[in-house]
>>> print(open('start.pdb').read())   # PDB, C-alpha atoms and all ligand atoms
ATOM      1  CA  MET A   1     -21.952   2.682 -91.710
ATOM      2  CA  ASN A   2     -21.915   3.900 -95.321
ATOM      3  CA  ILE A   3     -24.561   6.494 -94.536
ATOM      4  CA  ILE A   4     -22.457   7.812 -91.659
ATOM      5  CA  LEU A   5     -19.346   8.036 -93.860
ATOM      6  CA  LYS A   6     -21.301   9.707 -96.684
ATOM      7  CA  ASN A   7     -22.591  12.322 -94.280
ATOM      8  CA  SER A   8     -19.412  12.746 -92.250
ATOM      9  CA  TRP A   9     -18.589  16.089 -93.914
ATOM     10  CA  LYS A  10     -22.001  17.350 -92.808
ATOM     11  CA  VAL A  11     -21.287  16.227 -89.245
ATOM     12  CA  MET A  12     -17.904  17.968 -89.334
ATOM     13  CA  LEU A  13     -19.460  21.146 -90.728
ATOM     14  CA  PHE A  14     -22.081  21.031 -87.962
ATOM     15  CA  VAL A  15     -19.404  20.586 -85.253
ATOM     16  CA  TRP A  16     -17.376  23.484 -86.747
ATOM     17  CA  LEU A  17     -20.436  25.763 -86.828
ATOM     18  CA  VAL A  18     -21.295  24.952 -83.203
ATOM     19  CA  ALA A  19     -17.665  25.632 -82.189
ATOM     20  CA  GLN A  20     -17.785  29.024 -83.901
ATOM     21  CA  CYS A  21     -20.829  29.925 -81.820
ATOM     22  CA  TRP A  22     -19.272  28.874 -78.527
ATOM     23  CA  LEU A  23     -15.629  29.837 -78.885
ATOM     24  CA  PRO A  24     -14.561  33.475 -78.656
ATOM     25  CA  ALA A  25     -14.149  34.943 -82.164
ATOM     26  CA  SER A  26     -10.465  35.595 -81.517
ATOM     27  CA  SER A  27      -7.851  34.323 -79.135
ATOM     28  CA  GLU A  28      -6.124  37.706 -79.098
ATOM     29  CA  THR A  29      -6.388  39.669 -75.884
ATOM     30  CA  VAL A  30      -5.789  43.302 -74.979
ATOM     31  CA  LEU A  31      -5.742  44.694 -71.453
ATOM     32  CA  ILE A  32      -6.627  48.397 -71.345
ATOM     33  CA  THR A  33      -6.290  50.659 -68.299
ATOM     34  CA  GLY A  34      -8.750  53.500 -67.703
ATOM     35  CA  SER A  35     -11.084  52.066 -70.313
ATOM     36  CA  ASN A  36     -14.357  53.554 -69.024
ATOM     37  CA  GLN A  37     -14.181  56.869 -70.889
ATOM     38  CA  GLY A  38     -12.303  58.907 -73.472
ATOM     39  CA  ILE A  39      -9.463  57.330 -75.416
ATOM     40  CA  GLY A  40      -9.452  54.107 -73.371
ATOM     41  CA  LEU A  41     -13.147  53.470 -74.016
ATOM     42  CA  GLU A  42     -12.714  54.036 -77.748
ATOM     43  CA  PHE A  43      -9.805  51.563 -77.822
ATOM     44  CA  ALA A  44     -12.013  49.038 -76.009
ATOM     45  CA  LYS A  45     -14.791  49.571 -78.592
ATOM     46  CA  GLN A  46     -12.480  49.231 -81.587
ATOM     47  CA  PHE A  47     -10.657  46.114 -80.288
ATOM     48  CA  ALA A  48     -13.988  44.453 -79.430
ATOM     49  CA  ALA A  49     -15.359  45.309 -82.886
ATOM     50  CA  ARG A  50     -12.367  43.432 -84.314
ATOM     51  CA  GLY A  51     -13.226  40.353 -82.252
ATOM     52  CA  TRP A  52     -10.502  40.714 -79.627
ATOM     53  CA  THR A  53     -10.980  39.770 -76.012
ATOM     54  CA  VAL A  54     -10.862  43.050 -74.108
ATOM     55  CA  ILE A  55      -9.910  43.153 -70.431
ATOM     56  CA  ALA A  56     -11.486  46.551 -69.847
ATOM     57  CA  THR A  57     -10.121  47.869 -66.568
ATOM     58  CA  HIS A  58     -11.345  50.853 -64.550
ATOM     59  CA  ARG A  59     -10.919  52.240 -61.017
ATOM     60  CA  ARG A  60     -14.557  52.771 -60.003
ATOM     61  CA  PRO A  61     -16.236  50.892 -57.110
ATOM     62  CA  GLU A  62     -18.959  49.708 -59.526
ATOM     63  CA  THR A  63     -18.600  48.781 -63.185
ATOM     64  CA  PRO A  64     -19.134  52.068 -65.077
ATOM     65  CA  ASP A  65     -22.244  52.244 -67.309
ATOM     66  CA  THR A  66     -20.098  52.659 -70.431
ATOM     67  CA  LEU A  67     -18.463  49.290 -69.813
ATOM     68  CA  VAL A  68     -21.742  47.626 -68.834
ATOM     69  CA  ALA A  69     -23.120  48.745 -72.221
ATOM     70  CA  LEU A  70     -20.026  47.538 -74.081
ATOM     71  CA  GLN A  71     -20.167  44.176 -72.348
ATOM     72  CA  GLN A  72     -23.844  43.858 -73.285
ATOM     73  CA  LYS A  73     -22.899  44.478 -76.914
ATOM     74  CA  TYR A  74     -19.975  41.991 -76.844
ATOM     75  CA  PRO A  75     -20.771  39.548 -73.997
ATOM     76  CA  ASP A  76     -18.154  36.997 -75.083
ATOM     77  CA  LEU A  77     -15.398  39.530 -75.616
ATOM     78  CA  VAL A  78     -15.559  42.388 -73.125
ATOM     79  CA  GLN A  79     -14.564  41.651 -69.543
ATOM     80  CA  PRO A  80     -14.714  44.714 -67.255
ATOM     81  CA  GLU A  81     -12.356  44.466 -64.282
ATOM     82  CA  ARG A  82     -11.603  46.829 -61.447
ATOM     83  CA  MET A  83      -7.966  47.871 -61.345
ATOM     84  CA  ASP A  84      -6.836  51.195 -59.944
ATOM     85  CA  VAL A  85      -3.334  51.560 -61.390
ATOM     86  CA  THR A  86      -2.064  53.144 -58.175
ATOM     87  CA  LYS A  87      -3.123  50.132 -56.093
ATOM     88  CA  LYS A  88      -0.660  47.283 -56.206
ATOM     89  CA  ASP A  89      -3.079  44.896 -54.475
ATOM     90  CA  GLU A  90      -5.662  45.410 -57.254
ATOM     91  CA  ILE A  91      -3.023  44.887 -59.965
ATOM     92  CA  VAL A  92      -1.735  41.731 -58.277
ATOM     93  CA  ALA A  93      -5.299  40.439 -57.761
ATOM     94  CA  LEU A  94      -6.181  40.785 -61.455
ATOM     95  CA  ALA A  95      -2.867  39.239 -62.560
ATOM     96  CA  GLU A  96      -3.601  36.331 -60.218
ATOM     97  CA  LYS A  97      -7.188  36.000 -61.480
ATOM     98  CA  MET A  98      -5.840  35.821 -65.044
ATOM     99  CA  LYS A  99      -3.041  33.361 -64.166
ATOM    100  CA  GLY A 100      -2.319  31.072 -67.123
ATOM    101  CA  GLU A 101      -4.023  33.417 -69.624
ATOM    102  CA  SER A 102      -1.960  35.215 -72.221
ATOM    103  CA  ILE A 103      -2.242  38.915 -73.021
ATOM    104  CA  ASP A 104      -1.156  40.106 -76.472
ATOM    105  CA  ILE A 105      -1.214  43.837 -75.835
ATOM    106  CA  ILE A 106      -1.016  45.797 -72.591
ATOM    107  CA  LEU A 107      -2.402  49.234 -73.316
ATOM    108  CA  ASN A 108      -1.415  51.752 -70.630
ATOM    109  CA  ASN A 109      -3.965  54.490 -71.173
ATOM    110  CA  ALA A 110      -5.054  55.587 -67.673
ATOM    111  CA  ALA A 111      -3.589  58.865 -66.533
ATOM    112  CA  LEU A 112      -4.054  61.671 -64.095
ATOM    113  CA  ILE A 113      -4.209  64.861 -66.144
ATOM    114  CA  ARG A 114      -5.712  67.490 -63.859
ATOM    115  CA  PHE A 115      -7.972  67.654 -60.808
ATOM    116  CA  ALA A 116     -10.359  70.384 -62.010
ATOM    117  CA  PRO A 117     -11.974  71.150 -65.392
ATOM    118  CA  LEU A 118      -9.592  72.195 -68.182
ATOM    119  CA  ARG A 119     -10.066  75.968 -67.946
ATOM    120  CA  ASP A 120     -10.318  76.179 -64.133
ATOM    121  CA  ARG A 121      -6.972  77.797 -63.253
ATOM    122  CA  GLU A 122      -7.812  77.988 -59.579
ATOM    123  CA  GLY A 123      -8.814  74.336 -59.400
ATOM    124  CA  ASN A 124      -5.586  73.391 -61.139
ATOM    125  CA  ALA A 125      -3.361  75.770 -59.148
ATOM    126  CA  GLY A 126      -1.569  72.761 -57.681
ATOM    127  CA  GLN A 127       0.103  72.357 -61.073
ATOM    128  CA  LEU A 128       1.113  76.036 -61.424
ATOM    129  CA  PHE A 129       4.365  77.655 -60.294
ATOM    130  CA  GLY A 130       3.977  79.506 -57.001
ATOM    131  CA  THR A 131       1.183  77.222 -55.819
ATOM    132  CA  LEU A 132       2.617  73.810 -56.713
ATOM    133  CA  ASP A 133       1.058  71.065 -54.603
ATOM    134  CA  TYR A 134       3.622  68.382 -53.846
ATOM    135  CA  ASP A 135       1.011  65.914 -52.572
ATOM    136  CA  HIS A 136      -0.538  66.191 -56.011
ATOM    137  CA  MET A 137       2.878  65.430 -57.494
ATOM    138  CA  ASP A 138       2.905  62.111 -55.601
ATOM    139  CA  GLN A 139      -0.501  61.197 -57.015
ATOM    140  CA  PHE A 140       0.612  62.041 -60.545
ATOM    141  CA  MET A 141       3.786  59.968 -60.150
ATOM    142  CA  HIS A 142       1.883  56.985 -58.764
ATOM    143  CA  THR A 143      -0.706  57.074 -61.543
ATOM    144  CA  ASN A 144       1.304  58.058 -64.606
ATOM    145  CA  VAL A 145       4.682  56.439 -63.908
ATOM    146  CA  ALA A 146       4.475  53.798 -61.171
ATOM    147  CA  GLY A 147       1.181  52.366 -62.489
ATOM    148  CA  PRO A 148       2.467  51.302 -65.928
ATOM    149  CA  LEU A 149       5.679  49.922 -64.351
ATOM    150  CA  MET A 150       3.772  47.853 -61.754
ATOM    151  CA  ILE A 151       1.521  46.522 -64.500
ATOM    152  CA  ALA A 152       4.537  45.481 -66.596
ATOM    153  CA  GLU A 153       6.024  43.668 -63.609
ATOM    154  CA  GLU A 154       2.838  41.913 -62.513
ATOM    155  CA  PHE A 155       1.572  40.981 -66.008
ATOM    156  CA  TYR A 156       5.001  40.013 -67.360
ATOM    157  CA  ASP A 157       4.159  36.267 -67.521
ATOM    158  CA  HIS A 158       0.863  36.934 -69.324
ATOM    159  CA  LEU A 159       2.589  39.227 -71.827
ATOM    160  CA  VAL A 160       5.455  36.920 -72.767
ATOM    161  CA  ALA A 161       2.934  34.086 -73.190
ATOM    162  CA  GLY A 162       1.052  36.171 -75.792
ATOM    163  CA  GLU A 163       1.593  36.273 -79.559
ATOM    164  CA  ARG A 164       2.067  40.015 -80.006
ATOM    165  CA  LYS A 165       4.112  40.778 -76.855
ATOM    166  CA  LEU A 166       3.347  44.469 -77.092
ATOM    167  CA  ILE A 167       3.217  47.252 -74.497
ATOM    168  CA  VAL A 168       1.521  50.358 -75.891
ATOM    169  CA  THR A 169       1.607  53.381 -73.611
ATOM    170  CA  ILE A 170      -0.419  56.495 -74.249
ATOM    171  CA  SER A 171       1.935  59.292 -73.370
ATOM    172  CA  SER A 172       1.654  62.889 -74.551
ATOM    173  CA  ALA A 173       3.514  65.624 -76.386
ATOM    174  CA  ALA A 174       3.166  67.384 -73.023
ATOM    175  CA  GLY A 175       6.067  65.171 -71.911
ATOM    176  CA  MET A 176       8.407  66.546 -74.599
ATOM    177  CA  VAL A 177      11.623  68.079 -73.338
ATOM    178  CA  SER A 178      13.388  68.763 -76.672
ATOM    179  CA  ILE A 179      10.879  71.488 -77.616
ATOM    180  CA  ALA A 180       9.847  74.140 -75.096
ATOM    181  CA  PRO A 181       6.149  74.108 -74.122
ATOM    182  CA  ARG A 182       3.994  76.982 -75.339
ATOM    183  CA  SER A 183       3.017  77.751 -71.762
ATOM    184  CA  ALA A 184       4.378  76.683 -68.380
ATOM    185  CA  ASP A 185       1.298  74.928 -67.017
ATOM    186  CA  HIS A 186       0.269  71.379 -66.045
ATOM    187  CA  TYR A 187       3.628  70.920 -64.276
ATOM    188  CA  TRP A 188       2.907  67.485 -62.802
ATOM    189  CA  TYR A 189       1.264  66.172 -65.965
ATOM    190  CA  ARG A 190       4.151  67.304 -68.173
ATOM    191  CA  ILE A 191       6.861  66.111 -65.753
ATOM    192  CA  THR A 192       5.285  62.701 -65.206
ATOM    193  CA  LYS A 193       4.711  62.113 -68.937
ATOM    194  CA  ALA A 194       8.452  62.816 -69.494
ATOM    195  CA  ALA A 195       9.231  60.355 -66.677
ATOM    196  CA  LEU A 196       6.800  57.842 -68.180
ATOM    197  CA  ASN A 197       8.664  58.018 -71.494
ATOM    198  CA  SER A 198      11.908  57.353 -69.650
ATOM    199  CA  ALA A 199      10.332  54.387 -67.831
ATOM    200  CA  MET A 200       9.081  52.889 -71.115
ATOM    201  CA  ARG A 201      12.512  53.301 -72.744
ATOM    202  CA  LEU A 202      13.973  51.300 -69.852
ATOM    203  CA  LEU A 203      11.333  48.600 -70.347
ATOM    204  CA  ALA A 204      12.072  48.486 -74.082
ATOM    205  CA  VAL A 205      15.707  47.656 -73.288
ATOM    206  CA  GLU A 206      14.823  45.371 -70.376
ATOM    207  CA  LEU A 207      12.357  43.227 -72.307
ATOM    208  CA  ALA A 208      14.015  43.177 -75.753
ATOM    209  CA  ASP A 209      15.457  39.674 -75.265
ATOM    210  CA  GLU A 210      11.943  38.363 -74.524
ATOM    211  CA  GLY A 211      10.763  39.801 -77.859
ATOM    212  CA  VAL A 212       8.548  42.408 -76.162
ATOM    213  CA  THR A 213       7.945  45.612 -78.152
ATOM    214  CA  VAL A 214       7.355  48.770 -76.104
ATOM    215  CA  VAL A 215       6.105  51.973 -77.740
ATOM    216  CA  MET A 216       4.640  55.282 -76.615
ATOM    217  CA  PHE A 217       2.064  57.361 -78.457
ATOM    218  CA  HIS A 218       1.194  60.992 -78.498
ATOM    219  CA  PRO A 219      -2.413  60.429 -79.611
ATOM    220  CA  GLY A 220      -2.833  63.971 -80.935
ATOM    221  CA  GLY A 221      -5.468  66.331 -79.595
ATOM    222  CA  VAL A 222      -8.549  64.195 -78.972
ATOM    223  CA  GLN A 223     -11.871  65.733 -77.952
ATOM    224  CA  VAL A 224     -12.980  63.595 -74.988
ATOM    225  CA  GLU A 225     -15.928  63.835 -72.577
ATOM    226  CA  SER A 226     -13.734  65.009 -69.701
ATOM    227  CA  PHE A 227     -13.016  68.289 -71.558
ATOM    228  CA  GLY A 228     -16.645  69.239 -70.836
ATOM    229  CA  ASP A 229     -17.710  72.271 -72.875
ATOM    230  CA  THR A 230     -14.162  73.219 -73.779
ATOM    231  CA  VAL A 231     -13.513  72.542 -77.436
ATOM    232  CA  LEU A 232      -9.855  71.853 -78.179
ATOM    233  CA  PRO A 233      -9.003  73.646 -81.452
ATOM    234  CA  GLY A 234      -8.129  71.125 -84.171
ATOM    235  CA  ALA A 235      -8.897  68.124 -81.969
ATOM    236  CA  MET A 236      -9.902  64.824 -83.568
ATOM    237  CA  THR A 237     -12.782  62.639 -82.545
ATOM    238  CA  PRO A 238     -11.798  59.569 -80.499
ATOM    239  CA  GLU A 239     -12.957  57.392 -83.444
ATOM    240  CA  GLU A 240     -10.490  59.071 -85.790
ATOM    241  CA  ALA A 241      -7.492  59.229 -83.443
ATOM    242  CA  ILE A 242      -7.870  55.663 -82.183
ATOM    243  CA  GLY A 243      -8.539  54.394 -85.722
ATOM    244  CA  LYS A 244      -5.148  55.793 -86.729
ATOM    245  CA  MET A 245      -3.374  54.301 -83.721
ATOM    246  CA  MET A 246      -4.994  50.875 -84.327
ATOM    247  CA  LYS A 247      -3.569  50.908 -87.854
ATOM    248  CA  THR A 248      -0.132  51.882 -86.560
ATOM    249  CA  ILE A 249      -0.268  49.201 -83.851
ATOM    250  CA  ASP A 250      -1.024  46.578 -86.538
ATOM    251  CA  GLY A 251       2.287  47.314 -88.240
ATOM    252  CA  LEU A 252       4.549  47.445 -85.165
ATOM    253  CA  THR A 253       7.484  45.045 -84.841
ATOM    254  CA  ILE A 254      10.306  44.634 -82.338
ATOM    255  CA  LYS A 255      12.319  47.076 -84.481
ATOM    256  CA  ASP A 256       9.964  49.830 -83.292
ATOM    257  CA  SER A 257      10.623  49.139 -79.632
ATOM    258  CA  GLY A 258      11.498  52.261 -77.655
ATOM    259  CA  ARG A 259       9.929  54.648 -80.181
ATOM    260  CA  PHE A 260       7.732  57.615 -79.285
ATOM    261  CA  LEU A 261       5.117  57.790 -82.031
ATOM    262  CA  GLN A 262       2.449  60.058 -83.393
ATOM    263  CA  ASN A 263      -0.866  58.378 -84.099
ATOM    264  CA  ASP A 264       0.104  57.727 -87.764
ATOM    265  CA  GLY A 265       3.347  55.996 -86.787
ATOM    266  CA  THR A 266       5.722  58.879 -87.544
ATOM    267  CA  ASP A 267       8.202  59.917 -84.878
ATOM    268  CA  GLN A 268       7.072  62.215 -82.106
ATOM    269  CA  PRO A 269       9.861  64.536 -80.864
ATOM    270  CA  TRP A 270      10.947  63.632 -77.321
TER     271      TRP A 270
HETATM  272  N1  LIG B   1      -7.369  63.676 -75.019
HETATM  273  C1  LIG B   1      -6.234  64.187 -75.480
HETATM  274  O1  LIG B   1      -6.229  65.144 -76.282
HETATM  275  C2  LIG B   1      -4.904  63.576 -75.067
HETATM  276  C3  LIG B   1      -3.739  64.159 -75.592
HETATM  277  C4  LIG B   1      -2.517  63.625 -75.242
HETATM  278  C5  LIG B   1      -2.461  62.518 -74.418
HETATM  279  N2  LIG B   1      -3.604  61.972 -73.908
HETATM  280  C6  LIG B   1      -3.475  60.791 -73.044
HETATM  281  O2  LIG B   1      -4.473  59.849 -73.380
HETATM  282  C7  LIG B   1      -4.799  59.050 -72.239
HETATM  283  C8  LIG B   1      -6.307  59.055 -72.025
HETATM  284  O3  LIG B   1      -6.717  60.388 -71.807
HETATM  285  P1  LIG B   1      -8.184  60.910 -72.089
HETATM  286  O4  LIG B   1      -8.053  62.186 -72.814
HETATM  287  O5  LIG B   1      -9.028  59.819 -72.627
HETATM  288  O6  LIG B   1      -8.595  61.294 -70.585
HETATM  289  P2  LIG B   1      -9.861  60.928 -69.691
HETATM  290  O7  LIG B   1     -11.083  60.946 -70.528
HETATM  291  O8  LIG B   1      -9.775  61.825 -68.526
HETATM  292  O9  LIG B   1      -9.590  59.432 -69.265
HETATM  293  C9  LIG B   1      -8.617  59.109 -68.307
HETATM  294  C10 LIG B   1      -8.921  57.709 -67.836
HETATM  295  O10 LIG B   1      -7.909  57.315 -66.887
HETATM  296  C11 LIG B   1      -8.598  56.785 -65.764
HETATM  297  N3  LIG B   1      -7.783  56.858 -64.546
HETATM  298  C12 LIG B   1      -7.277  57.942 -63.918
HETATM  299  N4  LIG B   1      -6.625  57.569 -62.818
HETATM  300  C13 LIG B   1      -6.707  56.214 -62.741
HETATM  301  C14 LIG B   1      -6.246  55.240 -61.837
HETATM  302  N5  LIG B   1      -5.542  55.576 -60.741
HETATM  303  N6  LIG B   1      -6.512  53.931 -62.086
HETATM  304  C15 LIG B   1      -7.218  53.567 -63.177
HETATM  305  N7  LIG B   1      -7.713  54.451 -64.072
HETATM  306  C16 LIG B   1      -7.458  55.756 -63.844
HETATM  307  C17 LIG B   1      -9.851  57.616 -65.640
HETATM  308  O11 LIG B   1     -10.794  56.989 -64.782
HETATM  309  P3  LIG B   1     -12.010  57.820 -64.119
HETATM  310  O12 LIG B   1     -13.083  57.896 -65.183
HETATM  311  O13 LIG B   1     -12.405  57.000 -62.962
HETATM  312  O14 LIG B   1     -11.491  59.187 -63.759
HETATM  313  C18 LIG B   1     -10.272  57.614 -67.109
HETATM  314  O15 LIG B   1     -10.895  56.411 -67.444
HETATM  315  C19 LIG B   1      -4.012  59.647 -71.075
HETATM  316  O16 LIG B   1      -2.832  58.908 -70.886
HETATM  317  C20 LIG B   1      -3.686  61.047 -71.555
HETATM  318  O17 LIG B   1      -2.535  61.555 -70.952
HETATM  319  C21 LIG B   1      -4.824  62.502 -74.213
END
>>> encode(input="start.pdb", output="structure tokens", more="lines below")
Ligand SMILES: NC(=O)c1ccc[n+]([C@@H]2O[C@H](COP(=O)([O-])OP(=O)(O)OC[C@H]3O[C@@H](n4cnc5c(N)ncnc54)[C@H](OP(=O)(O)O)[C@@H]3O)[C@@H](O)[C@H]2O)c1
Amino acid sequence: MNIILKNSWKVMLFVWLVAQCWLPASSETVLITGSNQGIGLEFAKQFAARGWTVIATHRRPETPDTLVALQQKYPDLVQPERMDVTKKDEIVALAEKMKGESIDIILNNAALIRFAPLRDREGNAGQLFGTLDYDHMDQFMHTNVAGPLMIAEEFYDHLVAGERKLIVTISSAAGMVSIAPRSADHYWYRITKAALNSAMRLLAVELADEGVTVVMFHPGGVQVESFGDTVLPGAMTPEEAIGKMMKTIDGLTIKDSGRFLQNDGTDQPW
């Protein structure tokens, strides 16, 4: 008996060490939409590197290679899930699958930006005056506005059960209405980002009593794979831009709810 008591601290240390190996490093969870490339993928990488559980959602029929690789690197933390943000059944199915689990941060990143490469005017004519494609407008609205709203509705229980209770939405300066755009292009992208900001302001008011903080970011110009060969002048790397937003997210409180932010936490004009 004495020997057991004398060694009990060793037993407890052993049990603690085993628990560290088996339990996830952190109980904090982020759900990211459109996490298979660009800004969403970099958020997934940086949250996983911090030890967060990352529900890394995408819209592809198969798990994209980028997320397979990330899951291999962080098998206990990264959970790729299919969720097209325009498909209510897929949103409901994931919310149901995660029933009883809390989510600290919902990160609305997925967006429809354009259908053709950046500099392909013809391919993007559906977003230009004179050739506006109103079927395209529906797709933009469903992706950029309805998607984040459906997610807020369906994951509401998970969010209010979390510690952080934070909805972070990646918007864009393209949605600004107080300052005229330099050129009248990307009609549907610009219009739907303005509508998205309006939707998030409503959510900020709606969910204030539950202690949910809702913010929007203009991430800055970020050089992502989908730009192809086009180099955006002055653009940051995803590592830099997301690093700045992660720092800003760390400091957010309910007092920030409803704000439209630049990546460093200063105000972005509406
Ligand atoms: N990069 C910039 O300079 C910049 C500037 C301002 C704002 N933003 C904003 O930052 C966010 C990310 O943009 P990004 O530059 O990283 O673009 P991106 O590389 O084109 O990534 C967009 C992501 O959204 C996903 N997506 C599109 N429609 C979806 C749907 N219906 N369901 C689920 N996922 C969907 C895409 O999936 P697929 O791979 O399957 O297409 C992709 O993963 C967007 O909200 C964008 O408006 C970016």
>>> residues_near_ligand(input="start.pdb", ligand="ligand LIG 1 (chain B)", cutoff="7 Å", atoms="only C-alpha atoms and all ligand atoms", output="PyMOL selection string")
chain A and resi 33-40+58-60+83-86+109-113+143+170-173+218-226+235
>>> closest_atom_pairs(input="start.pdb", of="stretch 86-193 of chain A", to="stretch 197-210 of chain A", cutoff="10 Å", atoms="all atoms listed in the file", output="JSON lines")
{"residue": "A:Val145", "atom": "CA", "partner": "A:Ala199", "partner_atom": "CA", "distance": 7.2}
{"residue": "A:Ala146", "atom": "CA", "partner": "A:Ala199", "partner_atom": "CA", "distance": 8.9}
{"residue": "A:Pro148", "atom": "CA", "partner": "A:Met200", "partner_atom": "CA", "distance": 8.6}
{"residue": "A:Leu149", "atom": "CA", "partner": "A:Ala199", "partner_atom": "CA", "distance": 7.3}
{"residue": "A:Ala152", "atom": "CA", "partner": "A:Leu203", "partner_atom": "CA", "distance": 8.4}
{"residue": "A:Glu153", "atom": "CA", "partner": "A:Leu203", "partner_atom": "CA", "distance": 9.9}
{"residue": "A:Tyr156", "atom": "CA", "partner": "A:Leu207", "partner_atom": "CA", "distance": 9.4}
{"residue": "A:Leu159", "atom": "CA", "partner": "A:Glu210", "partner_atom": "CA", "distance": 9.8}
{"residue": "A:Val160", "atom": "CA", "partner": "A:Glu210", "partner_atom": "CA", "distance": 6.9}
{"residue": "A:Lys165", "atom": "CA", "partner": "A:Glu210", "partner_atom": "CA", "distance": 8.5}
{"residue": "A:Ile167", "atom": "CA", "partner": "A:Met200", "partner_atom": "CA", "distance": 8.8}
{"residue": "A:Val168", "atom": "CA", "partner": "A:Met200", "partner_atom": "CA", "distance": 9.3}
{"residue": "A:Thr169", "atom": "CA", "partner": "A:Met200", "partner_atom": "CA", "distance": 7.9}
{"residue": "A:Ile170", "atom": "CA", "partner": "A:Asn197", "partner_atom": "CA", "distance": 9.6}
{"residue": "A:Ser171", "atom": "CA", "partner": "A:Asn197", "partner_atom": "CA", "distance": 7.1}
{"residue": "A:Ser172", "atom": "CA", "partner": "A:Asn197", "partner_atom": "CA", "distance": 9.1}
{"residue": "A:Gly175", "atom": "CA", "partner": "A:Asn197", "partner_atom": "CA", "distance": 7.6}
{"residue": "A:Met176", "atom": "CA", "partner": "A:Asn197", "partner_atom": "CA", "distance": 9.1}
{"residue": "A:Thr192", "atom": "CA", "partner": "A:Asn197", "partner_atom": "CA", "distance": 8.5}
{"residue": "A:Lys193", "atom": "CA", "partner": "A:Asn197", "partner_atom": "CA", "distance": 6.2}
>>> write_last_selection(input="start.pdb", atoms="C-alpha atoms", output="compact mmCIF listing (two decimals), in the coordinates of the input")
# COMPACT_ATOMS: atom_id res chain seq x y z
CA VAL A 145 4.68 56.44 -63.91
CA ALA A 146 4.47 53.80 -61.17
CA PRO A 148 2.47 51.30 -65.93
CA LEU A 149 5.68 49.92 -64.35
CA ALA A 152 4.54 45.48 -66.60
CA GLU A 153 6.02 43.67 -63.61
CA TYR A 156 5.00 40.01 -67.36
CA LEU A 159 2.59 39.23 -71.83
CA VAL A 160 5.46 36.92 -72.77
CA LYS A 165 4.11 40.78 -76.86
CA ILE A 167 3.22 47.25 -74.50
CA VAL A 168 1.52 50.36 -75.89
CA THR A 169 1.61 53.38 -73.61
CA ILE A 170 -0.42 56.50 -74.25
CA SER A 171 1.94 59.29 -73.37
CA SER A 172 1.65 62.89 -74.55
CA GLY A 175 6.07 65.17 -71.91
CA MET A 176 8.41 66.55 -74.60
CA THR A 192 5.28 62.70 -65.21
CA LYS A 193 4.71 62.11 -68.94
>>> resolve_selection(input="start.pdb", expression="the PyMOL selection byres (((chain A and resi 87-96) around 9) and not hetatm)", output="mmCIF file with C-alpha atoms, keeping the file's coordinate frame")
data_model
loop_
_atom_site.group_PDB
_atom_site.id
_atom_site.type_symbol
_atom_site.label_atom_id
_atom_site.label_comp_id
_atom_site.auth_asym_id
_atom_site.auth_seq_id
_atom_site.Cartn_x
_atom_site.Cartn_y
_atom_site.Cartn_z
ATOM 1 C CA GLU A 81 -12.356 44.466 -64.282
ATOM 2 C CA ARG A 82 -11.603 46.829 -61.447
ATOM 3 C CA MET A 83 -7.966 47.871 -61.345
ATOM 4 C CA ASP A 84 -6.836 51.195 -59.944
ATOM 5 C CA VAL A 85 -3.334 51.560 -61.390
ATOM 6 C CA THR A 86 -2.064 53.144 -58.175
ATOM 7 C CA LYS A 97 -7.188 36.000 -61.480
ATOM 8 C CA MET A 98 -5.840 35.821 -65.044
ATOM 9 C CA LYS A 99 -3.041 33.361 -64.166
ATOM 10 C CA GLY A 100 -2.319 31.072 -67.123
ATOM 11 C CA HIS A 142 1.883 56.985 -58.764
ATOM 12 C CA GLY A 147 1.181 52.366 -62.489
ATOM 13 C CA MET A 150 3.772 47.853 -61.754
ATOM 14 C CA ILE A 151 1.521 46.522 -64.500
ATOM 15 C CA GLU A 154 2.838 41.913 -62.513
ATOM 16 C CA PHE A 155 1.572 40.981 -66.008
ATOM 17 C CA HIS A 158 0.863 36.934 -69.324
#
>>> residues_around(input="start.pdb", residues="A:Gln79", least_positions_apart="4", cutoff="9 Å", atoms="all atoms listed in the file", output="ChimeraX atom specification")
/A:53-57,67,71,75
>>> write_last_selection(input="start.pdb", atoms="C-alpha atoms", output="mmCIF file, keeping the file's coordinate frame")
data_model
loop_
_atom_site.group_PDB
_atom_site.id
_atom_site.type_symbol
_atom_site.label_atom_id
_atom_site.label_comp_id
_atom_site.auth_asym_id
_atom_site.auth_seq_id
_atom_site.Cartn_x
_atom_site.Cartn_y
_atom_site.Cartn_z
ATOM 1 C CA THR A 53 -10.980 39.770 -76.012
ATOM 2 C CA VAL A 54 -10.862 43.050 -74.108
ATOM 3 C CA ILE A 55 -9.910 43.153 -70.431
ATOM 4 C CA ALA A 56 -11.486 46.551 -69.847
ATOM 5 C CA THR A 57 -10.121 47.869 -66.568
ATOM 6 C CA LEU A 67 -18.463 49.290 -69.813
ATOM 7 C CA GLN A 71 -20.167 44.176 -72.348
ATOM 8 C CA PRO A 75 -20.771 39.548 -73.997
#
>>> residues_around(input="start.pdb", residues="A:Thr213", least_positions_apart="6", cutoff="6 Å", atoms="only C-alpha atoms", output="MDAnalysis selection string")
chainID A and resid 166 254 257
>>> resolve_selection(input="start.pdb", expression="the PyMOL selection byres (((chain A and resi 74) around 10) and not hetatm)", output="ChimeraX atom specification")
/A:45,48-49,51-54,68-73,75-79
>>> resolve_selection(input="start.pdb", expression="the PyMOL selection byres (((chain A and resi 163) around 10) and not hetatm)", output="count of residues only")
16
>>> closest_residue(input="start.pdb", among="A:Asp185, A:Gly234, A:Gly228, A:Phe217", to="A:Thr131", atoms="all atoms listed in the file")
A:Asp185
>>> axis_aligned_box(input="start.pdb", around="stretch 87-106 of chain A", padding_each_side="5 Å", output="lines of an AutoDock Vina configuration file")
center_x = -3.9
center_y = 40.6
center_z = -65.5
size_x = 16.5
size_y = 29.1
size_z = 32.0
